[in-house]
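Colleague: The file below is protein.csv, CSV, N, CA and C atoms and all ligand atoms:
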chain,number,residue,atom,x,y,z
U,1,MET,N,111.4,182.2,138.2
U,1,MET,CA,112.6,182.5,137.5
U,1,MET,C,112.9,183.9,137.3
U,2,GLU,N,111.9,184.7,137.1
U,2,GLU,CA,112.1,186.2,137.0
U,2,GLU,C,112.6,186.8,138.3
U,3,LYS,N,112.1,186.3,139.4
U,3,LYS,CA,112.6,186.7,140.7
U,3,LYS,C,114.0,186.4,140.9
U,4,LEU,N,114.4,185.1,140.5
U,4,LEU,CA,115.7,184.7,140.6
U,4,LEU,C,116.7,185.5,139.8
U,5,ARG,N,116.3,185.9,138.6
U,5,ARG,CA,117.2,186.5,137.7
U,5,ARG,C,117.2,188.0,137.9
U,6,TRP,N,116.1,188.7,138.2
U,6,TRP,CA,116.1,190.1,138.4
U,6,TRP,C,115.8,190.6,139.8
U,7,GLY,N,115.6,189.7,140.7
U,7,GLY,CA,115.2,190.1,142.0
U,7,GLY,C,113.8,190.7,142.0
U,8,TYR,N,113.6,191.7,142.9
U,8,TYR,CA,112.2,192.3,143.0
U,8,TYR,C,112.2,193.6,142.2
U,9,GLY,N,113.3,193.9,141.6
U,9,GLY,CA,113.3,195.2,140.8
U,9,GLY,C,112.7,195.0,139.4
U,10,GLU,N,113.0,195.9,138.5
U,10,GLU,CA,112.5,195.8,137.1
U,10,GLU,C,113.4,194.9,136.3
U,11,PRO,N,112.8,194.2,135.3
U,11,PRO,CA,113.6,193.3,134.4
U,11,PRO,C,114.7,194.1,133.7
U,12,VAL,N,115.8,193.4,133.5
U,12,VAL,CA,117.0,194.0,132.8
U,12,VAL,C,117.0,193.4,131.3
U,13,CYS,N,117.0,194.3,130.3
U,13,CYS,CA,117.0,193.9,128.9
U,13,CYS,C,118.2,193.2,128.6
U,14,PRO,N,118.1,191.9,128.0
U,14,PRO,CA,119.2,191.2,127.6
U,14,PRO,C,119.9,191.7,126.3
U,15,HIS,N,119.2,192.6,125.6
U,15,HIS,CA,119.7,193.1,124.4
U,15,HIS,C,120.6,194.3,124.6
U,16,CYS,N,120.2,195.2,125.5
U,16,CYS,CA,120.9,196.5,125.6
U,16,CYS,C,121.2,196.8,127.1
U,17,ALA,N,120.9,195.9,128.0
U,17,ALA,CA,121.2,196.0,129.5
U,17,ALA,C,120.5,197.2,130.1
U,18,ASN,N,119.5,197.7,129.5
U,18,ASN,CA,118.7,198.8,130.1
U,18,ASN,C,117.8,198.2,131.2
U,19,ILE,N,117.7,198.9,132.3
U,19,ILE,CA,116.8,198.4,133.4
U,19,ILE,C,115.4,199.0,133.2
U,20,GLY,N,114.4,198.2,133.1
U,20,GLY,CA,113.0,198.6,132.9
U,20,GLY,C,112.4,198.1,131.6
U,21,ALA,N,111.3,197.5,131.7
U,21,ALA,CA,110.6,197.0,130.6
U,21,ALA,C,109.1,196.9,130.8
U,22,TYR,N,108.3,197.0,129.7
U,22,TYR,CA,106.8,196.9,129.9
U,22,TYR,C,106.4,195.4,129.8
U,23,PHE,N,105.5,195.0,130.7
U,23,PHE,CA,105.0,193.6,130.6
U,23,PHE,C,103.9,193.6,129.5
U,24,ILE,N,104.0,192.6,128.7
U,24,ILE,CA,103.0,192.4,127.6
U,24,ILE,C,101.9,191.5,128.2
U,25,LYS,N,100.7,192.1,128.4
U,25,LYS,CA,99.6,191.4,129.0
U,25,LYS,C,99.0,190.5,128.0
U,26,PRO,N,98.8,189.2,128.2
U,26,PRO,CA,98.2,188.3,127.3
U,26,PRO,C,96.7,188.6,127.2
U,27,ARG,N,96.1,188.5,126.0
U,27,ARG,CA,94.7,188.9,125.8
U,27,ARG,C,93.8,188.0,126.5
U,28,ASN,N,94.0,186.7,126.5
U,28,ASN,CA,93.1,185.8,127.2
U,28,ASN,C,93.7,185.1,128.4
U,29,GLY,N,93.7,185.8,129.5
U,29,GLY,CA,94.2,185.3,130.8
U,29,GLY,C,95.7,185.2,130.9
U,30,GLU,N,96.1,183.9,131.1
U,30,GLU,CA,97.5,183.7,131.4
U,30,GLU,C,98.2,183.3,130.1
U,31,THR,N,97.5,182.7,129.2
U,31,THR,CA,98.1,182.1,128.0
U,31,THR,C,98.1,183.1,126.8
U,32,ARG,N,99.2,183.2,126.1
U,32,ARG,CA,99.2,184.0,124.9
U,32,ARG,C,99.6,183.2,123.7
U,33,GLN,N,99.4,183.7,122.5
U,33,GLN,CA,99.7,183.0,121.3
U,33,GLN,C,101.1,183.3,120.8
U,34,THR,N,101.9,182.3,120.5
U,34,THR,CA,103.2,182.5,120.0
U,34,THR,C,103.1,182.7,118.5
U,35,ASN,N,104.2,183.2,117.8
U,35,ASN,CA,104.1,183.4,116.4
U,35,ASN,C,104.1,182.1,115.6
U,36,ARG,N,104.3,181.0,116.3
U,36,ARG,CA,104.1,179.7,115.6
U,36,ARG,C,102.7,179.2,115.8
U,37,GLY,N,101.9,179.9,116.6
U,37,GLY,CA,100.4,179.6,116.7
U,37,GLY,C,100.1,178.8,117.9
U,38,SER,N,101.1,178.3,118.7
U,38,SER,CA,100.7,177.5,119.9
U,38,SER,C,100.6,178.5,121.1
U,39,GLY,N,99.9,178.0,122.1
U,39,GLY,CA,99.8,178.8,123.3
U,39,GLY,C,100.9,178.6,124.3
U,40,THR,N,101.3,179.7,125.0
U,40,THR,CA,102.4,179.7,125.9
U,40,THR,C,102.0,180.5,127.1
U,41,GLN,N,102.6,180.2,128.3
U,41,GLN,CA,102.4,181.0,129.5
U,41,GLN,C,103.6,181.8,129.8
U,42,ARG,N,104.6,181.7,128.9
U,42,ARG,CA,105.9,182.5,129.2
U,42,ARG,C,105.6,184.0,129.1
U,43,ARG,N,106.0,184.7,130.1
U,43,ARG,CA,105.8,186.1,130.3
U,43,ARG,C,106.7,186.9,129.4
U,44,LEU,N,106.1,187.8,128.6
U,44,LEU,CA,106.9,188.5,127.6
U,44,LEU,C,107.0,190.0,128.0
U,45,TRP,N,108.2,190.5,127.7
U,45,TRP,CA,108.5,191.9,128.1
U,45,TRP,C,109.0,192.7,126.9
U,46,THR,N,108.8,194.0,126.9
U,46,THR,CA,109.3,194.9,125.9
U,46,THR,C,110.2,195.9,126.6
U,47,CYS,N,111.4,196.0,126.1
U,47,CYS,CA,112.4,196.9,126.7
U,47,CYS,C,112.0,198.4,126.5
U,48,LYS,N,112.1,199.2,127.6
U,48,LYS,CA,111.7,200.6,127.5
U,48,LYS,C,112.7,201.4,126.6
U,49,ALA,N,113.9,200.9,126.5
U,49,ALA,CA,114.9,201.7,125.7
U,49,ALA,C,115.0,201.2,124.2
U,50,CYS,N,115.3,199.9,124.0
U,50,CYS,CA,115.5,199.5,122.6
U,50,CYS,C,114.2,198.9,122.0
U,51,ARG,N,113.2,198.7,122.8
U,51,ARG,CA,111.9,198.2,122.3
U,51,ARG,C,111.9,196.8,121.8
U,52,LYS,N,113.0,196.1,122.1
U,52,LYS,CA,113.0,194.7,121.7
U,52,LYS,C,112.3,193.8,122.8
U,53,GLN,N,111.7,192.7,122.3
U,53,GLN,CA,111.0,191.8,123.3
U,53,GLN,C,111.9,190.8,123.8
U,54,PHE,N,111.6,190.3,125.0
U,54,PHE,CA,112.4,189.2,125.6
U,54,PHE,C,111.6,188.5,126.7
U,55,THR,N,112.0,187.3,127.0
U,55,THR,CA,111.4,186.6,128.2
U,55,THR,C,112.6,186.4,129.1
U,56,VAL,N,112.3,185.8,130.3
U,56,VAL,CA,113.4,185.6,131.3
U,56,VAL,C,114.4,184.6,130.8
U,57,LEU,N,114.1,183.8,129.7
U,57,LEU,CA,115.0,182.8,129.2
U,57,LEU,C,116.1,183.3,128.3
U,58,VAL,N,115.9,184.5,127.7
U,58,VAL,CA,116.8,185.1,126.7
U,58,VAL,C,118.2,185.3,127.4
U,59,GLY,N,119.2,184.8,126.8
U,59,GLY,CA,120.6,184.9,127.3
U,59,GLY,C,120.9,183.9,128.3
U,60,THR,N,120.0,182.9,128.5
U,60,THR,CA,120.4,181.8,129.4
U,60,THR,C,120.5,180.5,128.6
U,61,ILE,N,121.0,179.4,129.2
U,61,ILE,CA,121.2,178.2,128.5
U,61,ILE,C,119.8,177.5,128.1
U,62,PHE,N,118.8,178.1,128.7
U,62,PHE,CA,117.4,177.5,128.4
U,62,PHE,C,116.7,178.1,127.2
U,63,HIS,N,117.4,179.2,126.7
U,63,HIS,CA,116.7,179.9,125.6
U,63,HIS,C,116.7,179.1,124.3
U,64,GLY,N,115.6,179.2,123.6
U,64,GLY,CA,115.5,178.7,122.2
U,64,GLY,C,115.4,177.2,122.1
U,65,SER,N,115.0,176.5,123.2
U,65,SER,CA,114.9,175.1,123.2
U,65,SER,C,113.4,174.6,123.3
U,66,HIS,N,113.1,173.5,122.6
U,66,HIS,CA,111.7,173.0,122.7
U,66,HIS,C,111.5,172.2,123.9
U,67,ILE,N,112.6,171.9,124.6
U,67,ILE,CA,112.4,171.1,125.8
U,67,ILE,C,111.9,171.9,126.9
U,68,ALA,N,110.9,171.4,127.7
U,68,ALA,CA,110.3,172.1,128.8
U,68,ALA,C,111.3,172.6,129.8
U,69,VAL,N,111.1,173.8,130.3
U,69,VAL,CA,112.0,174.3,131.3
U,69,VAL,C,112.0,173.4,132.6
U,70,ARG,N,110.9,172.8,132.9
U,70,ARG,CA,110.8,171.9,134.0
U,70,ARG,C,111.8,170.7,133.8
U,71,THR,N,111.8,170.2,132.6
U,71,THR,CA,112.8,169.1,132.3
U,71,THR,C,114.2,169.6,132.4
U,72,TRP,N,114.5,170.8,131.9
U,72,TRP,CA,115.8,171.4,132.0
U,72,TRP,C,116.3,171.4,133.5
U,73,LEU,N,115.4,171.9,134.3
U,73,LEU,CA,115.7,172.1,135.7
U,73,LEU,C,115.9,170.7,136.4
U,74,LEU,N,115.1,169.7,136.0
U,74,LEU,CA,115.3,168.4,136.6
U,74,LEU,C,116.6,167.8,136.2
U,75,VAL,N,117.0,168.0,135.0
U,75,VAL,CA,118.3,167.4,134.5
U,75,VAL,C,119.4,168.1,135.1
U,76,LEU,N,119.3,169.5,135.2
U,76,LEU,CA,120.3,170.3,135.9
U,76,LEU,C,120.6,169.8,137.3
U,77,PHE,N,119.4,169.6,138.0
U,77,PHE,CA,119.5,169.1,139.4
U,77,PHE,C,120.2,167.7,139.5
U,78,GLU,N,119.8,166.9,138.6
U,78,GLU,CA,120.4,165.5,138.6
U,78,GLU,C,121.9,165.6,138.3
U,79,MET,N,122.3,166.5,137.4
U,79,MET,CA,123.8,166.6,137.1
U,79,MET,C,124.5,167.1,138.3
U,80,CYS,N,123.9,168.0,139.1
U,80,CYS,CA,124.6,168.6,140.2
U,80,CYS,C,124.6,167.7,141.4
U,81,SER,N,123.5,166.9,141.6
U,81,SER,CA,123.3,166.2,142.9
U,81,SER,C,123.9,164.8,142.8
U,82,ASN,N,124.1,164.2,141.6
U,82,ASN,CA,124.6,162.9,141.6
U,82,ASN,C,126.1,162.9,141.7
U,83,LYS,N,126.6,162.1,142.6
U,83,LYS,CA,128.1,162.0,142.9
U,83,LYS,C,128.9,161.8,141.6
U,84,ASN,N,128.4,160.9,140.8
U,84,ASN,CA,129.1,160.5,139.6
U,84,ASN,C,128.6,161.2,138.3
U,85,GLY,N,127.8,162.2,138.5
U,85,GLY,CA,127.2,162.8,137.3
U,85,GLY,C,126.1,161.9,136.8
U,86,ILE,N,125.6,162.3,135.6
U,86,ILE,CA,124.6,161.5,135.0
U,86,ILE,C,124.8,161.4,133.5
U,87,ALA,N,124.7,160.2,133.0
U,87,ALA,CA,124.9,159.9,131.6
U,87,ALA,C,123.8,160.4,130.8
U,88,ALA,N,124.1,160.9,129.6
U,88,ALA,CA,123.1,161.4,128.7
U,88,ALA,C,122.1,160.3,128.4
U,89,ARG,N,122.6,159.1,128.3
U,89,ARG,CA,121.7,157.9,128.1
U,89,ARG,C,120.7,157.7,129.1
U,90,GLU,N,121.0,158.0,130.4
U,90,GLU,CA,120.1,157.9,131.5
U,90,GLU,C,119.0,159.0,131.4
U,91,ILE,N,119.4,160.2,131.1
U,91,ILE,CA,118.5,161.3,130.9
U,91,ILE,C,117.5,161.0,129.8
U,92,GLU,N,118.0,160.4,128.7
U,92,GLU,CA,117.2,160.0,127.6
U,92,GLU,C,116.1,159.1,128.0
U,93,ARG,N,116.5,158.1,128.8
U,93,ARG,CA,115.5,157.1,129.2
U,93,ARG,C,114.5,157.6,130.2
U,94,LYS,N,115.0,158.3,131.2
U,94,LYS,CA,114.2,158.8,132.3
U,94,LYS,C,113.2,159.9,131.8
U,95,TYR,N,113.5,160.7,130.9
U,95,TYR,CA,112.6,161.8,130.5
U,95,TYR,C,112.0,161.6,129.2
U,96,GLY,N,112.3,160.5,128.6
U,96,GLY,CA,111.7,160.2,127.3
U,96,GLY,C,112.1,161.1,126.2
U,97,LEU,N,113.4,161.5,126.2
U,97,LEU,CA,114.0,162.4,125.2
U,97,LEU,C,114.7,161.6,124.1
U,98,THR,N,115.0,162.3,123.0
U,98,THR,CA,115.8,161.6,122.0
U,98,THR,C,117.2,161.7,122.4
U,99,PRO,N,118.1,160.8,121.9
U,99,PRO,CA,119.5,160.8,122.3
U,99,PRO,C,120.1,162.2,122.0
U,100,LYS,N,119.7,162.8,120.9
U,100,LYS,CA,120.2,164.1,120.5
U,100,LYS,C,119.9,165.2,121.5
U,101,SER,N,118.6,165.2,121.9
U,101,SER,CA,118.2,166.2,122.9
U,101,SER,C,118.9,166.0,124.2
U,102,ALA,N,119.0,164.8,124.7
U,102,ALA,CA,119.7,164.5,126.0
U,102,ALA,C,121.2,164.9,125.9
U,103,TRP,N,121.8,164.7,124.8
U,103,TRP,CA,123.2,165.0,124.7
U,103,TRP,C,123.4,166.6,124.6
U,104,PHE,N,122.5,167.2,123.9
U,104,PHE,CA,122.5,168.7,123.7
U,104,PHE,C,122.3,169.3,125.1
U,105,MET,N,121.4,168.8,125.9
U,105,MET,CA,121.2,169.4,127.3
U,105,MET,C,122.4,169.2,128.2
U,106,THR,N,123.0,168.1,128.2
U,106,THR,CA,124.2,167.9,129.1
U,106,THR,C,125.3,168.8,128.6
U,107,GLN,N,125.5,168.9,127.3
U,107,GLN,CA,126.6,169.8,126.8
U,107,GLN,C,126.3,171.2,127.2
U,108,ARG,N,125.1,171.7,127.0
U,108,ARG,CA,124.7,173.1,127.2
U,108,ARG,C,124.8,173.4,128.7
U,109,ILE,N,124.4,172.5,129.6
U,109,ILE,CA,124.5,172.7,131.0
U,109,ILE,C,126.0,172.8,131.4
U,110,ARG,N,126.8,171.9,130.9
U,110,ARG,CA,128.3,171.9,131.2
U,110,ARG,C,128.9,173.2,130.7
U,111,GLU,N,128.5,173.7,129.6
U,111,GLU,CA,129.0,175.0,129.0
U,111,GLU,C,128.6,176.1,130.0
U,112,GLY,N,127.4,176.1,130.5
U,112,GLY,CA,126.9,177.1,131.4
U,112,GLY,C,127.7,177.1,132.7
U,113,MET,N,128.1,175.9,133.2
U,113,MET,CA,128.8,175.8,134.4
U,113,MET,C,130.3,176.3,134.3
U,114,LYS,N,130.8,176.4,133.1
U,114,LYS,CA,132.1,176.9,132.8
U,114,LYS,C,132.2,178.4,132.9
U,115,ARG,N,131.0,179.0,132.7
U,115,ARG,CA,131.0,180.5,132.7
U,115,ARG,C,130.5,181.1,134.0
U,116,ASP,N,130.7,182.4,134.1
U,116,ASP,CA,130.2,183.1,135.2
U,116,ASP,C,128.7,183.3,135.1
U,117,PRO,N,127.9,183.4,136.2
U,117,PRO,CA,128.5,183.5,137.6
U,117,PRO,C,128.8,182.1,138.2
U,118,LEU,N,128.4,181.0,137.6
U,118,LEU,CA,128.7,179.7,138.2
U,118,LEU,C,130.2,179.5,138.4
U,119,ALA,N,130.9,179.8,137.3
U,119,ALA,CA,132.4,179.5,137.3
U,119,ALA,C,133.0,180.3,138.5
U,120,GLY,N,132.6,181.6,138.6
U,120,GLY,CA,133.1,182.5,139.6
U,120,GLY,C,132.9,182.0,141.1
U,121,MET,N,131.8,181.2,141.2
U,121,MET,CA,131.4,180.7,142.5
U,121,MET,C,132.4,179.6,143.0
U,122,LEU,N,133.1,179.0,142.0
U,122,LEU,CA,134.1,178.0,142.4
U,122,LEU,C,135.5,178.5,142.4
U,123,ALA,N,135.6,179.8,142.4
U,123,ALA,CA,136.9,180.4,142.4
U,123,ALA,C,137.6,180.3,143.8
U,124,VAL,N,138.9,180.2,143.7
U,124,VAL,CA,139.7,180.2,145.0
U,124,VAL,C,140.1,181.7,145.3
U,125,CYS,N,139.6,182.2,146.4
U,125,CYS,CA,139.9,183.6,146.7
U,125,CYS,C,140.2,183.8,148.2
A,201,ZN,ZN,116.8,196.9,125.5
Please lay out the structure from this file as structure tokens.

Modeller:
Amino acid sequence: MEKLRWGYGEPVCPHCANIGAYFIKPRNGETRQTNRGSGTQRRLWTCKACRKQFTVLVGTIFHGSHIAVRTWLLVLFEMCSNKNGIAAREIERKYGLTPKSAWFMTQRIREGMKRDPLAGMLAVC
């Protein structure tokens, strides 16, 4: 995902748009402790300019959700690939989510599709 978002260059800070950040190396291998106490493999960065921390998910529709990114991507794929779209009910059943989570995901994905760069890709030019 980092490669998709930033290419092969340095990460771009979602807070101040500065290019360049320090990678925060986890103390024990790949996994680091979150401030809630659980382990995570999400890679954390500190902006070289504003010193704020971020992961690749900040500023995306996937940010701040307890649903696994893998599930998000699967649902996104289903919404895009199915000719008739996919009902929140079906997502709920298939991925074992609550109705609220399934509805939230479909809403958030649709919201993302309305904005750039996705919206721009559908432009008539
Ligand atoms: Zn910054």

Colleague: So that each row is one residue of chain U with an atom at most 7 Å from ligand ZN 201 (chain A), can you give its shortest atom pair and the distance in Å to one decimal, using only N, CA and C atoms and all ligand atoms, rows by chain and rising number, as a tab-separated table?

Modeller:
residue	atom	partner	partner_atom	distance
U:Val12	C	A:ZN201	ZN	6.8
U:Cys13	CA	A:ZN201	ZN	4.5
U:Pro14	N	A:ZN201	ZN	5.7
U:His15	C	A:ZN201	ZN	4.7
U:Cys16	N	A:ZN201	ZN	3.8
U:Ala17	N	A:ZN201	ZN	4.9
U:Asn18	N	A:ZN201	ZN	4.9
U:Thr46	C	A:ZN201	ZN	6.8
U:Cys47	CA	A:ZN201	ZN	4.6
U:Lys48	N	A:ZN201	ZN	5.6
U:Ala49	C	A:ZN201	ZN	4.8
U:Cys50	N	A:ZN201	ZN	3.7
U:Arg51	N	A:ZN201	ZN	4.8
U:Lys52	N	A:ZN201	ZN	5.2

Colleague: Suppose you want the space between atom C of U:Ser101 and atom C of U:Arg5; what is it in Å?

Modeller: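 Separating atom C of U:Ser101 from atom C of U:Arg5 is a distance of 26.0 Å.
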
Colleague: Write out as a PyMOL selection string the set of residues from chain U that DSSP, computed on the backbone, places in strand (DSSP E).

Modeller: chain U and resi 21-24+32-33+39-40+44-47+53-54

Colleague: Could you save those same residues with N, CA and C atoms as an mmCIF file, in the frame of the given file?

Modeller:
data_model
loop_
_atom_site.group_PDB
_atom_site.id
_atom_site.type_symbol
_atom_site.label_atom_id
_atom_site.label_comp_id
_atom_site.auth_asym_id
_atom_site.auth_seq_id
_atom_site.Cartn_x
_atom_site.Cartn_y
_atom_site.Cartn_z
ATOM 1 N N ALA U 21 111.300 197.500 131.700
ATOM 2 C CA ALA U 21 110.600 197.000 130.600
ATOM 3 C C ALA U 21 109.100 196.900 130.800
ATOM 4 N N TYR U 22 108.300 197.000 129.700
ATOM 5 C CA TYR U 22 106.800 196.900 129.900
ATOM 6 C C TYR U 22 106.400 195.400 129.800
ATOM 7 N N PHE U 23 105.500 195.000 130.700
ATOM 8 C CA PHE U 23 105.000 193.600 130.600
ATOM 9 C C PHE U 23 103.900 193.600 129.500
ATOM 10 N N ILE U 24 104.000 192.600 128.700
ATOM 11 C CA ILE U 24 103.000 192.400 127.600
ATOM 12 C C ILE U 24 101.900 191.500 128.200
ATOM 13 N N ARG U 32 99.200 183.200 126.100
ATOM 14 C CA ARG U 32 99.200 184.000 124.900
ATOM 15 C C ARG U 32 99.600 183.200 123.700
ATOM 16 N N GLN U 33 99.400 183.700 122.500
ATOM 17 C CA GLN U 33 99.700 183.000 121.300
ATOM 18 C C GLN U 33 101.100 183.300 120.800
ATOM 19 N N GLY U 39 99.900 178.000 122.100
ATOM 20 C CA GLY U 39 99.800 178.800 123.300
ATOM 21 C C GLY U 39 100.900 178.600 124.300
ATOM 22 N N THR U 40 101.300 179.700 125.000
ATOM 23 C CA THR U 40 102.400 179.700 125.900
ATOM 24 C C THR U 40 102.000 180.500 127.100
ATOM 25 N N LEU U 44 106.100 187.800 128.600
ATOM 26 C CA LEU U 44 106.900 188.500 127.600
ATOM 27 C C LEU U 44 107.000 190.000 128.000
ATOM 28 N N TRP U 45 108.200 190.500 127.700
ATOM 29 C CA TRP U 45 108.500 191.900 128.100
ATOM 30 C C TRP U 45 109.000 192.700 126.900
ATOM 31 N N THR U 46 108.800 194.000 126.900
ATOM 32 C CA THR U 46 109.300 194.900 125.900
ATOM 33 C C THR U 46 110.200 195.900 126.600
ATOM 34 N N CYS U 47 111.400 196.000 126.100
ATOM 35 C CA CYS U 47 112.400 196.900 126.700
ATOM 36 C C CYS U 47 112.000 198.400 126.500
ATOM 37 N N GLN U 53 111.700 192.700 122.300
ATOM 38 C CA GLN U 53 111.000 191.800 123.300
ATOM 39 C C GLN U 53 111.900 190.800 123.800
ATOM 40 N N PHE U 54 111.600 190.300 125.000
ATOM 41 C CA PHE U 54 112.400 189.200 125.600
ATOM 42 C C PHE U 54 111.600 188.500 126.700
#

Colleague: State, in Å with one decimal place, the distance from atom CA of U:Thr34 to atom CA of U:Ile19.

Modeller: 24.8 Å

Colleague: Enumerate, as number ranges by chain, the protein, DNA and RNA residues whose atoms approach (104.5, 176.0, 129.0) to within 8 Å, taking into account only N, CA and C atoms and the coordinate frame of the file.

Modeller: U: 39-42, 68-69

Colleague: I need the chosen residues saved as an mmCIF file, in the frame of the given file, with N, CA and C atoms.

Modeller:
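And here is the file that came out, part_35.cif:
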data_model
loop_
_atom_site.group_PDB
_atom_site.id
_atom_site.type_symbol
_atom_site.label_atom_id
_atom_site.label_comp_id
_atom_site.auth_asym_id
_atom_site.auth_seq_id
_atom_site.Cartn_x
_atom_site.Cartn_y
_atom_site.Cartn_z
ATOM 1 N N GLY U 39 99.900 178.000 122.100
ATOM 2 C CA GLY U 39 99.800 178.800 123.300
ATOM 3 C C GLY U 39 100.900 178.600 124.300
ATOM 4 N N THR U 40 101.300 179.700 125.000
ATOM 5 C CA THR U 40 102.400 179.700 125.900
ATOM 6 C C THR U 40 102.000 180.500 127.100
ATOM 7 N N GLN U 41 102.600 180.200 128.300
ATOM 8 C CA GLN U 41 102.400 181.000 129.500
ATOM 9 C C GLN U 41 103.600 181.800 129.800
ATOM 10 N N ARG U 42 104.600 181.700 128.900
ATOM 11 C CA ARG U 42 105.900 182.500 129.200
ATOM 12 C C ARG U 42 105.600 184.000 129.100
ATOM 13 N N ALA U 68 110.900 171.400 127.700
ATOM 14 C CA ALA U 68 110.300 172.100 128.800
ATOM 15 C C ALA U 68 111.300 172.600 129.800
ATOM 16 N N VAL U 69 111.100 173.800 130.300
ATOM 17 C CA VAL U 69 112.000 174.300 131.300
ATOM 18 C C VAL U 69 112.000 173.400 132.600
#

Colleague: What separation in Å, quoted to one decimal, exists between atom CA of U:Cys80 and atom N of U:Pro11?

Modeller: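 These atoms are spaced 28.6 Å apart.
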
Colleague: May I have the residues within 8 Å of stretch 112-122 of chain U as a PDB file with N, CA and C atoms, in the frame of the given file, using only N, CA and C atoms and disregarding those fewer than 5 positions away in the same chain?

Modeller:
ATOM      1  N   THR U  60     120.000 182.900 128.500  1.00  0.00           N
ATOM      2  CA  THR U  60     120.400 181.800 129.400  1.00  0.00           C
ATOM      3  C   THR U  60     120.500 180.500 128.600  1.00  0.00           C
ATOM      4  N   ILE U  61     121.000 179.400 129.200  1.00  0.00           N
ATOM      5  CA  ILE U  61     121.200 178.200 128.500  1.00  0.00           C
ATOM      6  C   ILE U  61     119.800 177.500 128.100  1.00  0.00           C
ATOM      7  N   THR U 106     123.000 168.100 128.200  1.00  0.00           N
ATOM      8  CA  THR U 106     124.200 167.900 129.100  1.00  0.00           C
ATOM      9  C   THR U 106     125.300 168.800 128.600  1.00  0.00           C
ATOM     10  N   GLN U 107     125.500 168.900 127.300  1.00  0.00           N
ATOM     11  CA  GLN U 107     126.600 169.800 126.800  1.00  0.00           C
ATOM     12  C   GLN U 107     126.300 171.200 127.200  1.00  0.00           C
TER      13      GLN U 107
END

Colleague: (127.5, 161.8, 134.9) in this file's frame - what residues fall within 12 Å of it? Use only C-alpha atoms and give the answer as a list in words.

Modeller: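 The requested residues, written out, are Val75, Leu76, Phe77, Glu78, Met79, Cys80, Ser81, Asn82, Lys83, Asn84, Gly85, Ile86, Ala87, Ala88, Arg89, Glu90, Ile91, Trp103, Thr106, Gln107, Ile109 and Arg110 of chain U.
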
Colleague: Go through chain U and collect every residue that DSSP, computed from the backbone, puts in helix (DSSP H, G or I); the answer should be as number ranges by chain.

Modeller: U: 2-6, 69-81, 88-95, 99-114, 118-121

Colleague: Give the centre and edge lengths of an axis-aligned box, in Å to one decimal, that holds all listed atoms of stretch 81-99 of chain U with 6 Å on each side, as lines of an AutoDock Vina configuration file.

Modeller:
center_x = 120.4
center_y = 162.0
center_z = 132.4
size_x = 29.4
size_y = 21.8
size_z = 33.0

Colleague: Hey, what's within 8 Å of U:Met1 if we count only N, CA and C atoms and toss same-chain stuff fewer than 6 positions away? As a PyMOL selection string, please?

Modeller: chain U and resi 7+56-57
